[in-house]
Amino acid sequence: MPATSLRTVAEHQRAIAELIGSLAPTTLPVAEAAGLVLAEPVLAPESLPSFDNSAMDGYAVRAAEISTASDDAPVRLPVTADIPAGSPGGELAAGTARRIMTGAPLPRGADAVVEVEATDGDTEVVAIRTAREVGSFVRVAGGDIVAGATALPGGTVIGPAQIGLLAALGVGSVVVRPRPRVLVCSTGSELTDDPEPAAGQIRDSNSIMLAAAVEDAGCIAVRRLWSSDDVTTFLATLDAELDAGIDLVLTSGGVSAGAYEVVKDALGPRGVEFTKVAMQPGMPQGSGQYGGTPVVCLPGNPVSALVSFEVFVRPALRAAFGHPRPNRDVVTATLTEALTSPPGKRQLRRGLLDRSAGTVALTGPAGSGFLGWMARADCLVDVPTEVMSLEAGAGVEVWDLTR
Ligand code: AMP
Ligand code: MG
C-alpha cells in the first residue's frame, strides 16, 4: 500500500476523539472528584472567613485606645477574658482588652489585634508597647471569598487546594464529568498468566500495562479481559462484560495482516473500521462501535500498544472528562545522537529527556518489540513524517511522559 493512502496521525486522533466524545456531567461527592474537572462554576454559599477573626495570638483592642503606646509609655489595659479559637468573641468593653488566639472571633467593639510580641503577655493587666491601626491583624469576614462570588470557575481541575477550599466553604458535592470507564482486553492464543509459561507462550503484559495507562490518565480500568485468537471466544468474552457503564473497550493485538487476526476478524464485520496509520510504531489501528460502545483496537506489540495509547487514546480520554490539558507537555530538545525514520511515516522514538540541559537521548532502537527500552524512557521523540534522518544536535519536539 503506498504511503499516501495511509491515514495521518492527526486524522486518526480526530477519529478517536470523536468516537469517545464528551461524557455527560454528573454530581459527585467532593472526595470522589479529585483529579476531575468542574463542569460548572462553584459559587461560594457563604463568605470565607465567615466571621472577623484574629490573624495572630495577641490582644483584641480598640485601636484608638492604644494610639499613644510606646516602649517608654506602654498603655495598660485590664484583660477581661480569653478568647481561644472555637469560642465566641463576646463584647469588648471600653477601656479593656481580651487575650485572643489565632483564628478566634474578634469580639464586638474591638477593631484591632496587638500581637503578643508587642506586649508583656500579662493575663490580668496587659502592657501594650506599640500602637496598632484599625484592622491590624484582623482577618475580615469575606476577605478571602465573599458569599455568592465564584469560588472556582468551570474547567478547574480539582486538586488538593480546591478540595480544601470546597471543604472550608461546606460544599459537599460538585458537578463534574465522570471518569471514563474502560474495559481492557488482551488477545492472543500465545498469552498466559501461568507463572511458568509453556513452550511458545508469553505473559500478557498489555492488559496490565494499558489498565495502568488508563488509570494514569485519570480514568477507570473497569476490568481486564483476555481472549484467545478464536473469534467466537473473543465475542463471547466481550459480550459477557459489556454493559451500559462501559465508555470504551480497548483491545490489543489481532489487528494486523497475519492469518489469525481475531479482533479484525470479529469486529471488522460488526462496526469497527481497521486502518493503517502513517506512524511508527503502531501502523495497524482500529476504531468504531460494537453494540453501541466505542471500541479502540490497538496493535499487539507492547511498545506499539503503549505508544498508540499515548498518541490516540490518552488525549481523547482526558478530553472526555473535560481536562484542560489533554495532551502531554511538548518541549523542544536537542538530539544527542543521529536517527533515521522511514519515509512517509511519523516516528515516535523512546527517549530520556534532560530538561535542564535541553537534550534528549534515544533509549534503544526504533523496533516495537523493545519494551525494556520503553520502560527506561521518559519521553517520546516526535519525528515528523517528512523527515527521514536527523543528525546529532538537531532540534526535535519531545512529549514529556512525566507531565
Ligand atoms: P498481534 O498484533 O496480535 O500479532 O501481536 C503482535 C505481537 O505482540 C506478538 O508478538 C504478540 O505475541 C505480542 N503481543 C500481543 N498481545 C500481547 C500482550 N497482551 N502481551 C504481550 N505481548 C503481546
Ligand atoms: Mg495476536
# chains A, B, ... in the order shown; residues from 1 in each chain; ligands from 1
$ residues_near_ligand --ligand "ligand 2" --cutoff "7 Å" --atoms "only C-alpha atoms and all ligand atoms" --output "VMD selection string"
chain A and resid 187 to 188 229 253 to 254 261 300
$ closest_atom_pairs --of "chain A" --to "ligand 1" --cutoff "7 Å" --atoms "only C-alpha atoms and all ligand atoms" --output "CSV"
residue,atom,partner,partner_atom_place_in_ligand_line,distance
A:Ser186,CA,ligand 1,19 (N),4.7
A:Thr187,CA,ligand 1,16 (N),5.8
A:Gly188,CA,ligand 1,16 (N),5.7
A:Glu190,CA,ligand 1,12 (O),6.2
A:Leu191,CA,ligand 1,18 (C),6.5
A:Ile202,CA,ligand 1,21 (C),6.7
A:Arg203,CA,ligand 1,21 (C),6.0
A:Asp204,CA,ligand 1,20 (N),3.7
A:Ser205,CA,ligand 1,20 (N),3.9
A:Asn206,CA,ligand 1,19 (N),3.9
A:Ser207,CA,ligand 1,19 (N),5.6
A:Ser252,CA,ligand 1,16 (N),5.9
A:Gly253,CA,ligand 1,3 (O),3.3
A:Gly254,CA,ligand 1,3 (O),3.9
A:Val255,CA,ligand 1,2 (O),5.5
A:Ser256,CA,ligand 1,2 (O),5.6
A:Gly258,CA,ligand 1,4 (O),6.8
A:Glu261,CA,ligand 1,3 (O),6.6
A:Pro299,CA,ligand 1,2 (O),4.8
A:Gly300,CA,ligand 1,15 (C),3.6
A:Asn301,CA,ligand 1,8 (O),3.4
A:Pro302,CA,ligand 1,22 (N),5.6
$ closest_residue --among "A:Thr385, A:Ser304, A:Gln285, A:Ser356" --to "Phe370 of chain A" --atoms "only C-alpha atoms"
A:Ser304
$ residues_around --residues "Glu215 of chain A" --least-positions-apart "4" --cutoff "12 Å" --atoms "only C-alpha atoms" --output "PDB file with all heavy atoms, in the first residue's frame"
ATOM      1  N   GLY A  35      -8.951  15.111  40.865  1.00  0.00           N
ATOM      2  CA  GLY A  35      -8.428  14.879  39.519  1.00  0.00           C
ATOM      3  C   GLY A  35      -9.438  15.135  38.426  1.00  0.00           C
ATOM      4  O   GLY A  35      -9.077  15.174  37.252  1.00  0.00           O
ATOM      5  N   ARG A 179     -15.171  10.037  35.447  1.00  0.00           N
ATOM      6  CA  ARG A 179     -14.022   9.346  34.875  1.00  0.00           C
ATOM      7  C   ARG A 179     -14.501   8.331  33.846  1.00  0.00           C
ATOM      8  O   ARG A 179     -15.360   7.496  34.177  1.00  0.00           O
ATOM      9  CB  ARG A 179     -13.304   8.530  35.960  1.00  0.00           C
ATOM     10  CG  ARG A 179     -12.478   9.315  36.904  1.00  0.00           C
ATOM     11  CD  ARG A 179     -11.974   8.429  38.047  1.00  0.00           C
ATOM     12  NE  ARG A 179     -12.081   9.188  39.285  1.00  0.00           N
ATOM     13  CZ  ARG A 179     -11.256  10.176  39.604  1.00  0.00           C
ATOM     14  NH1 ARG A 179     -10.256  10.484  38.827  1.00  0.00           N
ATOM     15  NH2 ARG A 179     -11.428  10.844  40.725  1.00  0.00           N
ATOM     16  N   PRO A 180     -13.971   8.362  32.627  1.00  0.00           N
ATOM     17  CA  PRO A 180     -14.340   7.327  31.656  1.00  0.00           C
ATOM     18  C   PRO A 180     -13.997   5.932  32.194  1.00  0.00           C
ATOM     19  O   PRO A 180     -12.966   5.736  32.833  1.00  0.00           O
ATOM     20  CB  PRO A 180     -13.483   7.676  30.436  1.00  0.00           C
ATOM     21  CG  PRO A 180     -13.208   9.133  30.563  1.00  0.00           C
ATOM     22  CD  PRO A 180     -13.104   9.394  32.040  1.00  0.00           C
ATOM     23  N   ARG A 181     -14.916   4.996  31.935  1.00  0.00           N
ATOM     24  CA  ARG A 181     -14.743   3.613  32.414  1.00  0.00           C
ATOM     25  C   ARG A 181     -14.345   2.744  31.226  1.00  0.00           C
ATOM     26  O   ARG A 181     -15.061   2.675  30.222  1.00  0.00           O
ATOM     27  CB  ARG A 181     -16.039   3.123  33.050  1.00  0.00           C
ATOM     28  CG  ARG A 181     -16.400   3.922  34.330  1.00  0.00           C
ATOM     29  CD  ARG A 181     -17.834   3.671  34.756  1.00  0.00           C
ATOM     30  NE  ARG A 181     -18.106   2.265  34.930  1.00  0.00           N
ATOM     31  CZ  ARG A 181     -17.825   1.567  36.037  1.00  0.00           C
ATOM     32  NH1 ARG A 181     -17.298   2.175  37.066  1.00  0.00           N
ATOM     33  NH2 ARG A 181     -18.092   0.290  36.102  1.00  0.00           N
ATOM     34  N   VAL A 182     -13.208   2.105  31.357  1.00  0.00           N
ATOM     35  CA  VAL A 182     -12.600   1.425  30.214  1.00  0.00           C
ATOM     36  C   VAL A 182     -12.446  -0.066  30.512  1.00  0.00           C
ATOM     37  O   VAL A 182     -11.989  -0.456  31.583  1.00  0.00           O
ATOM     38  CB  VAL A 182     -11.213   2.042  29.889  1.00  0.00           C
ATOM     39  CG1 VAL A 182     -10.611   1.392  28.649  1.00  0.00           C
ATOM     40  CG2 VAL A 182     -11.336   3.557  29.706  1.00  0.00           C
ATOM     41  N   LEU A 183     -12.855  -0.866  29.539  1.00  0.00           N
ATOM     42  CA  LEU A 183     -12.664  -2.313  29.592  1.00  0.00           C
ATOM     43  C   LEU A 183     -11.450  -2.628  28.733  1.00  0.00           C
ATOM     44  O   LEU A 183     -11.405  -2.237  27.565  1.00  0.00           O
ATOM     45  CB  LEU A 183     -13.917  -2.969  29.001  1.00  0.00           C
ATOM     46  CG  LEU A 183     -14.282  -4.388  29.340  1.00  0.00           C
ATOM     47  CD1 LEU A 183     -14.462  -4.564  30.826  1.00  0.00           C
ATOM     48  CD2 LEU A 183     -15.582  -4.747  28.610  1.00  0.00           C
ATOM     49  N   VAL A 184     -10.458  -3.293  29.310  1.00  0.00           N
ATOM     50  CA  VAL A 184      -9.218  -3.575  28.581  1.00  0.00           C
ATOM     51  C   VAL A 184      -9.186  -5.062  28.231  1.00  0.00           C
ATOM     52  O   VAL A 184      -9.395  -5.908  29.106  1.00  0.00           O
ATOM     53  CB  VAL A 184      -7.992  -3.205  29.446  1.00  0.00           C
ATOM     54  CG1 VAL A 184      -6.701  -3.566  28.731  1.00  0.00           C
ATOM     55  CG2 VAL A 184      -8.015  -1.716  29.787  1.00  0.00           C
ATOM     56  N   ILE A 208      -2.325  -5.396  31.624  1.00  0.00           N
ATOM     57  CA  ILE A 208      -1.991  -4.707  32.879  1.00  0.00           C
ATOM     58  C   ILE A 208      -1.339  -3.351  32.587  1.00  0.00           C
ATOM     59  O   ILE A 208      -1.582  -2.356  33.283  1.00  0.00           O
ATOM     60  CB  ILE A 208      -1.103  -5.601  33.791  1.00  0.00           C
ATOM     61  CG1 ILE A 208      -1.069  -5.036  35.205  1.00  0.00           C
ATOM     62  CG2 ILE A 208       0.285  -5.799  33.227  1.00  0.00           C
ATOM     63  CD1 ILE A 208      -0.559  -6.024  36.234  1.00  0.00           C
ATOM     64  N   MET A 209      -0.564  -3.304  31.509  1.00  0.00           N
ATOM     65  CA  MET A 209       0.091  -2.049  31.116  1.00  0.00           C
ATOM     66  C   MET A 209      -0.954  -1.017  30.675  1.00  0.00           C
ATOM     67  O   MET A 209      -0.918   0.149  31.099  1.00  0.00           O
ATOM     68  CB  MET A 209       1.072  -2.328  29.975  1.00  0.00           C
ATOM     69  CG  MET A 209       1.741  -1.105  29.398  1.00  0.00           C
ATOM     70  SD  MET A 209       2.918  -1.562  28.110  1.00  0.00           S
ATOM     71  CE  MET A 209       1.804  -1.995  26.771  1.00  0.00           C
ATOM     72  N   LEU A 210      -1.886  -1.436  29.846  1.00  0.00           N
ATOM     73  CA  LEU A 210      -2.891  -0.482  29.353  1.00  0.00           C
ATOM     74  C   LEU A 210      -3.859  -0.078  30.457  1.00  0.00           C
ATOM     75  O   LEU A 210      -4.316   1.074  30.510  1.00  0.00           O
ATOM     76  CB  LEU A 210      -3.642  -1.073  28.150  1.00  0.00           C
ATOM     77  CG  LEU A 210      -2.768  -1.232  26.897  1.00  0.00           C
ATOM     78  CD1 LEU A 210      -3.507  -2.035  25.826  1.00  0.00           C
ATOM     79  CD2 LEU A 210      -2.348   0.128  26.338  1.00  0.00           C
ATOM     80  N   ALA A 211      -4.159  -1.018  31.364  1.00  0.00           N
ATOM     81  CA  ALA A 211      -5.004  -0.654  32.510  1.00  0.00           C
ATOM     82  C   ALA A 211      -4.303   0.411  33.347  1.00  0.00           C
ATOM     83  O   ALA A 211      -4.927   1.377  33.805  1.00  0.00           O
ATOM     84  CB  ALA A 211      -5.332  -1.884  33.352  1.00  0.00           C
ATOM     85  N   CYS A 219      -8.625   7.866  34.450  1.00  0.00           N
ATOM     86  CA  CYS A 219      -9.845   7.114  34.131  1.00  0.00           C
ATOM     87  C   CYS A 219      -9.871   5.819  34.945  1.00  0.00           C
ATOM     88  O   CYS A 219      -8.978   5.554  35.735  1.00  0.00           O
ATOM     89  CB  CYS A 219      -9.890   6.807  32.640  1.00  0.00           C
ATOM     90  SG  CYS A 219      -9.643   8.300  31.641  1.00  0.00           S
ATOM     91  N   ILE A 220     -10.913   5.024  34.723  1.00  0.00           N
ATOM     92  CA  ILE A 220     -11.071   3.777  35.484  1.00  0.00           C
ATOM     93  C   ILE A 220     -10.908   2.586  34.541  1.00  0.00           C
ATOM     94  O   ILE A 220     -11.616   2.487  33.530  1.00  0.00           O
ATOM     95  CB  ILE A 220     -12.462   3.731  36.149  1.00  0.00           C
ATOM     96  CG1 ILE A 220     -12.601   4.880  37.144  1.00  0.00           C
ATOM     97  CG2 ILE A 220     -12.686   2.376  36.827  1.00  0.00           C
ATOM     98  CD1 ILE A 220     -13.998   5.031  37.715  1.00  0.00           C
ATOM     99  N   ALA A 221      -9.965   1.715  34.864  1.00  0.00           N
ATOM    100  CA  ALA A 221      -9.856   0.449  34.142  1.00  0.00           C
ATOM    101  C   ALA A 221     -10.786  -0.532  34.862  1.00  0.00           C
ATOM    102  O   ALA A 221     -10.463  -1.042  35.932  1.00  0.00           O
ATOM    103  CB  ALA A 221      -8.416  -0.061  34.140  1.00  0.00           C
ATOM    104  N   VAL A 222     -11.962  -0.748  34.299  1.00  0.00           N
ATOM    105  CA  VAL A 222     -13.014  -1.490  34.998  1.00  0.00           C
ATOM    106  C   VAL A 222     -12.619  -2.955  35.195  1.00  0.00           C
ATOM    107  O   VAL A 222     -12.717  -3.497  36.287  1.00  0.00           O
ATOM    108  CB  VAL A 222     -14.329  -1.401  34.201  1.00  0.00           C
ATOM    109  CG1 VAL A 222     -15.436  -2.164  34.923  1.00  0.00           C
ATOM    110  CG2 VAL A 222     -14.727   0.043  34.010  1.00  0.00           C
ATOM    111  N   ARG A 223     -12.197  -3.583  34.119  1.00  0.00           N
ATOM    112  CA  ARG A 223     -11.789  -4.985  34.179  1.00  0.00           C
ATOM    113  C   ARG A 223     -10.744  -5.240  33.115  1.00  0.00           C
ATOM    114  O   ARG A 223     -10.677  -4.536  32.103  1.00  0.00           O
ATOM    115  CB  ARG A 223     -12.986  -5.920  33.929  1.00  0.00           C
ATOM    116  CG  ARG A 223     -13.723  -6.319  35.207  1.00  0.00           C
ATOM    117  CD  ARG A 223     -14.896  -7.239  34.919  1.00  0.00           C
ATOM    118  NE  ARG A 223     -15.922  -6.628  34.097  1.00  0.00           N
ATOM    119  CZ  ARG A 223     -16.805  -5.727  34.533  1.00  0.00           C
ATOM    120  NH1 ARG A 223     -16.784  -5.329  35.785  1.00  0.00           N
ATOM    121  NH2 ARG A 223     -17.708  -5.210  33.722  1.00  0.00           N
ATOM    122  N   ARG A 314      -5.110   8.391  25.091  1.00  0.00           N
ATOM    123  CA  ARG A 314      -4.979   9.227  26.294  1.00  0.00           C
ATOM    124  C   ARG A 314      -5.573  10.623  26.093  1.00  0.00           C
ATOM    125  O   ARG A 314      -6.381  11.073  26.921  1.00  0.00           O
ATOM    126  CB  ARG A 314      -3.505   9.306  26.712  1.00  0.00           C
ATOM    127  CG  ARG A 314      -3.285   9.950  28.069  1.00  0.00           C
ATOM    128  CD  ARG A 314      -1.797   9.952  28.424  1.00  0.00           C
ATOM    129  NE  ARG A 314      -1.592  10.151  29.845  1.00  0.00           N
ATOM    130  CZ  ARG A 314      -1.524  11.340  30.426  1.00  0.00           C
ATOM    131  NH1 ARG A 314      -1.670  12.436  29.717  1.00  0.00           N
ATOM    132  NH2 ARG A 314      -1.319  11.433  31.727  1.00  0.00           N
ATOM    133  N   LEU A 317      -9.401  10.351  25.997  1.00  0.00           N
ATOM    134  CA  LEU A 317     -10.000  10.020  27.299  1.00  0.00           C
ATOM    135  C   LEU A 317     -10.011  11.242  28.211  1.00  0.00           C
ATOM    136  O   LEU A 317     -10.985  11.499  28.924  1.00  0.00           O
ATOM    137  CB  LEU A 317      -9.228   8.879  27.974  1.00  0.00           C
ATOM    138  CG  LEU A 317      -9.497   7.464  27.475  1.00  0.00           C
ATOM    139  CD1 LEU A 317      -8.593   6.464  28.203  1.00  0.00           C
ATOM    140  CD2 LEU A 317     -10.968   7.086  27.667  1.00  0.00           C
ATOM    141  N   ARG A 318      -8.919  11.998  28.189  1.00  0.00           N
ATOM    142  CA  ARG A 318      -8.860  13.175  29.072  1.00  0.00           C
ATOM    143  C   ARG A 318      -9.803  14.265  28.586  1.00  0.00           C
ATOM    144  O   ARG A 318     -10.445  14.947  29.397  1.00  0.00           O
ATOM    145  CB  ARG A 318      -7.411  13.667  29.191  1.00  0.00           C
ATOM    146  CG  ARG A 318      -6.595  12.728  30.078  1.00  0.00           C
ATOM    147  CD  ARG A 318      -5.114  12.923  29.913  1.00  0.00           C
ATOM    148  NE  ARG A 318      -4.615  14.166  30.463  1.00  0.00           N
ATOM    149  CZ  ARG A 318      -4.333  14.368  31.753  1.00  0.00           C
ATOM    150  NH1 ARG A 318      -4.534  13.398  32.620  1.00  0.00           N
ATOM    151  NH2 ARG A 318      -3.840  15.511  32.162  1.00  0.00           N
TER     152      ARG A 318
END
$ closest_atom_pairs --of "segment 20-62 of chain A" --to "segment 133-157 of chain A" --cutoff "10 Å" --atoms "only C-alpha atoms" --output "JSON lines"
{"residue": "A:Ala33", "atom": "CA", "partner": "A:Val157", "partner_atom": "CA", "distance": 9.3}
{"residue": "A:Ala34", "atom": "CA", "partner": "A:Val157", "partner_atom": "CA", "distance": 8.0}
{"residue": "A:Gly35", "atom": "CA", "partner": "A:Val157", "partner_atom": "CA", "distance": 6.1}
{"residue": "A:Leu36", "atom": "CA", "partner": "A:Val157", "partner_atom": "CA", "distance": 5.7}
{"residue": "A:Val37", "atom": "CA", "partner": "A:Val157", "partner_atom": "CA", "distance": 4.4}
{"residue": "A:Leu38", "atom": "CA", "partner": "A:Gly154", "partner_atom": "CA", "distance": 5.0}
{"residue": "A:Ala39", "atom": "CA", "partner": "A:Gly154", "partner_atom": "CA", "distance": 5.4}
{"residue": "A:Glu40", "atom": "CA", "partner": "A:Gly154", "partner_atom": "CA", "distance": 4.3}
{"residue": "A:Pro41", "atom": "CA", "partner": "A:Gly154", "partner_atom": "CA", "distance": 4.2}
{"residue": "A:Val42", "atom": "CA", "partner": "A:Leu152", "partner_atom": "CA", "distance": 5.2}
{"residue": "A:Leu43", "atom": "CA", "partner": "A:Thr150", "partner_atom": "CA", "distance": 4.4}
{"residue": "A:Ala44", "atom": "CA", "partner": "A:Gly148", "partner_atom": "CA", "distance": 5.0}
{"residue": "A:Pro45", "atom": "CA", "partner": "A:Ala147", "partner_atom": "CA", "distance": 5.5}
{"residue": "A:Glu46", "atom": "CA", "partner": "A:Ala147", "partner_atom": "CA", "distance": 4.2}
{"residue": "A:Ser47", "atom": "CA", "partner": "A:Ala147", "partner_atom": "CA", "distance": 4.2}
{"residue": "A:Leu48", "atom": "CA", "partner": "A:Gly142", "partner_atom": "CA", "distance": 4.8}
{"residue": "A:Pro49", "atom": "CA", "partner": "A:Ala141", "partner_atom": "CA", "distance": 4.9}
{"residue": "A:Ser50", "atom": "CA", "partner": "A:Ala141", "partner_atom": "CA", "distance": 5.2}
{"residue": "A:Phe51", "atom": "CA", "partner": "A:Ala141", "partner_atom": "CA", "distance": 4.5}
{"residue": "A:Asp52", "atom": "CA", "partner": "A:Val140", "partner_atom": "CA", "distance": 4.5}
{"residue": "A:Asn53", "atom": "CA", "partner": "A:Arg139", "partner_atom": "CA", "distance": 5.2}
{"residue": "A:Ser54", "atom": "CA", "partner": "A:Val138", "partner_atom": "CA", "distance": 4.9}
{"residue": "A:Ala55", "atom": "CA", "partner": "A:Phe137", "partner_atom": "CA", "distance": 4.9}
{"residue": "A:Met56", "atom": "CA", "partner": "A:Phe137", "partner_atom": "CA", "distance": 6.2}
{"residue": "A:Asp57", "atom": "CA", "partner": "A:Phe137", "partner_atom": "CA", "distance": 9.3}
{"residue": "A:Gly58", "atom": "CA", "partner": "A:Phe137", "partner_atom": "CA", "distance": 9.2}
{"residue": "A:Ala60", "atom": "CA", "partner": "A:Val138", "partner_atom": "CA", "distance": 9.2}
{"residue": "A:Val61", "atom": "CA", "partner": "A:Val134", "partner_atom": "CA", "distance": 9.4}
{"residue": "A:Arg62", "atom": "CA", "partner": "A:Val134", "partner_atom": "CA", "distance": 7.7}
$ write_last_selection --atoms "N, CA and C atoms" --output "PDB file, in the first residue's frame"
ATOM      1  N   ALA A  33     -14.018  13.345  43.667  1.00  0.00           N
ATOM      2  CA  ALA A  33     -13.833  14.158  42.455  1.00  0.00           C
ATOM      3  C   ALA A  33     -12.387  14.604  42.252  1.00  0.00           C
ATOM      4  N   ALA A  34     -11.465  14.106  43.086  1.00  0.00           N
ATOM      5  CA  ALA A  34     -10.065  14.514  42.925  1.00  0.00           C
ATOM      6  C   ALA A  34      -9.573  14.152  41.531  1.00  0.00           C
ATOM      7  N   GLY A  35      -8.951  15.111  40.865  1.00  0.00           N
ATOM      8  CA  GLY A  35      -8.428  14.879  39.519  1.00  0.00           C
ATOM      9  C   GLY A  35      -9.438  15.135  38.426  1.00  0.00           C
ATOM     10  N   LEU A  36     -10.692  15.310  38.786  1.00  0.00           N
ATOM     11  CA  LEU A  36     -11.719  15.595  37.782  1.00  0.00           C
ATOM     12  C   LEU A  36     -11.829  17.114  37.584  1.00  0.00           C
ATOM     13  N   VAL A  37     -12.712  17.504  36.697  1.00  0.00           N
ATOM     14  CA  VAL A  37     -12.752  18.891  36.236  1.00  0.00           C
ATOM     15  C   VAL A  37     -14.164  19.441  36.445  1.00  0.00           C
ATOM     16  N   LEU A  38     -14.270  20.621  37.018  1.00  0.00           N
ATOM     17  CA  LEU A  38     -15.590  21.219  37.253  1.00  0.00           C
ATOM     18  C   LEU A  38     -16.296  21.477  35.925  1.00  0.00           C
ATOM     19  N   ALA A  39     -17.501  20.953  35.779  1.00  0.00           N
ATOM     20  CA  ALA A  39     -18.284  21.187  34.567  1.00  0.00           C
ATOM     21  C   ALA A  39     -19.045  22.503  34.652  1.00  0.00           C
ATOM     22  N   GLU A  40     -19.158  23.035  35.855  1.00  0.00           N
ATOM     23  CA  GLU A  40     -19.762  24.356  36.023  1.00  0.00           C
ATOM     24  C   GLU A  40     -19.100  25.031  37.218  1.00  0.00           C
ATOM     25  N   PRO A  41     -19.223  26.373  37.308  1.00  0.00           N
ATOM     26  CA  PRO A  41     -18.546  27.054  38.417  1.00  0.00           C
ATOM     27  C   PRO A  41     -19.155  26.687  39.771  1.00  0.00           C
ATOM     28  N   VAL A  42     -18.356  26.815  40.807  1.00  0.00           N
ATOM     29  CA  VAL A  42     -18.874  26.677  42.173  1.00  0.00           C
ATOM     30  C   VAL A  42     -18.984  28.079  42.756  1.00  0.00           C
ATOM     31  N   LEU A  43     -20.201  28.482  43.170  1.00  0.00           N
ATOM     32  CA  LEU A  43     -20.396  29.771  43.827  1.00  0.00           C
ATOM     33  C   LEU A  43     -20.275  29.570  45.339  1.00  0.00           C
ATOM     34  N   ALA A  44     -19.653  30.522  45.992  1.00  0.00           N
ATOM     35  CA  ALA A  44     -19.455  30.391  47.439  1.00  0.00           C
ATOM     36  C   ALA A  44     -20.797  30.517  48.154  1.00  0.00           C
ATOM     37  N   PRO A  45     -21.232  29.476  48.885  1.00  0.00           N
ATOM     38  CA  PRO A  45     -22.505  29.573  49.600  1.00  0.00           C
ATOM     39  C   PRO A  45     -22.404  30.489  50.811  1.00  0.00           C
ATOM     40  N   GLU A  46     -21.188  30.770  51.244  1.00  0.00           N
ATOM     41  CA  GLU A  46     -21.002  31.674  52.379  1.00  0.00           C
ATOM     42  C   GLU A  46     -19.646  32.364  52.223  1.00  0.00           C
ATOM     43  N   SER A  47     -19.410  33.383  53.049  1.00  0.00           N
ATOM     44  CA  SER A  47     -18.137  34.103  52.954  1.00  0.00           C
ATOM     45  C   SER A  47     -17.035  33.316  53.650  1.00  0.00           C
ATOM     46  N   LEU A  48     -15.824  33.618  53.256  1.00  0.00           N
ATOM     47  CA  LEU A  48     -14.654  32.999  53.860  1.00  0.00           C
ATOM     48  C   LEU A  48     -13.629  34.096  54.148  1.00  0.00           C
ATOM     49  N   PRO A  49     -13.151  34.289  55.357  1.00  0.00           N
ATOM     50  CA  PRO A  49     -13.686  33.670  56.564  1.00  0.00           C
ATOM     51  C   PRO A  49     -15.136  34.086  56.786  1.00  0.00           C
ATOM     52  N   SER A  50     -15.840  33.296  57.585  1.00  0.00           N
ATOM     53  CA  SER A  50     -17.261  33.585  57.789  1.00  0.00           C
ATOM     54  C   SER A  50     -17.469  34.607  58.909  1.00  0.00           C
ATOM     55  N   PHE A  51     -16.424  34.904  59.692  1.00  0.00           N
ATOM     56  CA  PHE A  51     -16.525  35.943  60.725  1.00  0.00           C
ATOM     57  C   PHE A  51     -15.156  36.619  60.853  1.00  0.00           C
ATOM     58  N   ASP A  52     -15.171  37.884  61.332  1.00  0.00           N
ATOM     59  CA  ASP A  52     -13.902  38.588  61.584  1.00  0.00           C
ATOM     60  C   ASP A  52     -13.125  37.788  62.625  1.00  0.00           C
ATOM     61  N   ASN A  53     -11.830  37.543  62.375  1.00  0.00           N
ATOM     62  CA  ASN A  53     -11.067  36.783  63.371  1.00  0.00           C
ATOM     63  C   ASN A  53      -9.626  37.252  63.390  1.00  0.00           C
ATOM     64  N   SER A  54      -8.921  36.779  64.409  1.00  0.00           N
ATOM     65  CA  SER A  54      -7.564  37.264  64.643  1.00  0.00           C
ATOM     66  C   SER A  54      -6.555  36.513  63.784  1.00  0.00           C
ATOM     67  N   ALA A  55      -5.593  37.264  63.245  1.00  0.00           N
ATOM     68  CA  ALA A  55      -4.530  36.649  62.445  1.00  0.00           C
ATOM     69  C   ALA A  55      -3.321  36.307  63.299  1.00  0.00           C
ATOM     70  N   MET A  56      -3.365  36.659  64.588  1.00  0.00           N
ATOM     71  CA  MET A  56      -2.210  36.449  65.474  1.00  0.00           C
ATOM     72  C   MET A  56      -2.702  36.055  66.864  1.00  0.00           C
ATOM     73  N   ASP A  57      -1.797  35.445  67.621  1.00  0.00           N
ATOM     74  CA  ASP A  57      -2.038  35.330  69.059  1.00  0.00           C
ATOM     75  C   ASP A  57      -1.709  36.690  69.663  1.00  0.00           C
ATOM     76  N   GLY A  58      -2.618  37.282  70.438  1.00  0.00           N
ATOM     77  CA  GLY A  58      -2.368  38.620  70.973  1.00  0.00           C
ATOM     78  C   GLY A  58      -3.541  39.116  71.793  1.00  0.00           C
ATOM     79  N   ALA A  60      -7.138  41.572  71.630  1.00  0.00           N
ATOM     80  CA  ALA A  60      -8.130  42.344  70.883  1.00  0.00           C
ATOM     81  C   ALA A  60      -8.352  43.663  71.606  1.00  0.00           C
ATOM     82  N   VAL A  61      -8.278  44.758  70.870  1.00  0.00           N
ATOM     83  CA  VAL A  61      -8.358  46.097  71.481  1.00  0.00           C
ATOM     84  C   VAL A  61      -9.166  47.028  70.578  1.00  0.00           C
ATOM     85  N   ARG A  62      -9.387  48.237  71.113  1.00  0.00           N
ATOM     86  CA  ARG A  62      -9.828  49.349  70.262  1.00  0.00           C
ATOM     87  C   ARG A  62      -8.571  50.132  69.890  1.00  0.00           C
TER      88      ARG A  62
END
$ atom_distance --atom1 "atom CA of Asp82 of chain A" --atom2 "atom CA of Ala112 of chain A"
15.5 Å
$ residues_around --residues "segment 231-236 of chain A" --least-positions-apart "4" --cutoff "6 Å" --atoms "only C-alpha atoms" --output "PyMOL selection string"
chain A and resi 227+262+266
$ select_by_dssp --residues "segment 123-245 of chain A" --states "strand (DSSP E)" --output "PyMOL selection string"
chain A and resi 125-128+138-139+150-152+173-176+181-187+191-192+202-203+220-227
$ residues_around --residues "Thr293 of chain A" --least-positions-apart "3" --cutoff "8 Å" --atoms "only C-alpha atoms" --output "JSON list (two decimals) with N, CA and C atoms, in the first residue's frame"
[["chain", "number", "residue", "atom", "x", "y", "z"],
["A", 244, "ALA", "N", -23.92, -0.94, 29.91],
["A", 244, "ALA", "CA", -24.07, 0.50, 29.63],
["A", 244, "ALA", "C", -23.07, 1.34, 30.41],
["A", 246, "ILE", "N", -19.90, 0.95, 30.49],
["A", 246, "ILE", "CA", -18.58, 0.96, 29.86],
["A", 246, "ILE", "C", -18.53, 2.09, 28.81],
["A", 247, "ASP", "N", -17.54, 2.97, 28.92],
["A", 247, "ASP", "CA", -17.42, 4.07, 27.97],
["A", 247, "ASP", "C", -16.51, 3.73, 26.80],
["A", 248, "LEU", "N", -15.61, 2.77, 27.02],
["A", 248, "LEU", "CA", -14.66, 2.42, 25.95],
["A", 248, "LEU", "C", -14.17, 0.99, 26.16],
["A", 249, "VAL", "N", -14.11, 0.26, 25.04],
["A", 249, "VAL", "CA", -13.41, -1.03, 25.04],
["A", 249, "VAL", "C", -12.08, -0.81, 24.35],
["A", 289, "GLN", "N", -17.67, 1.33, 16.74],
["A", 289, "GLN", "CA", -18.57, 0.98, 17.83],
["A", 289, "GLN", "C", -18.95, -0.49, 17.71],
["A", 290, "TYR", "N", -19.03, -1.15, 18.85],
["A", 290, "TYR", "CA", -19.54, -2.52, 18.89],
["A", 290, "TYR", "C", -20.69, -2.53, 19.88]]
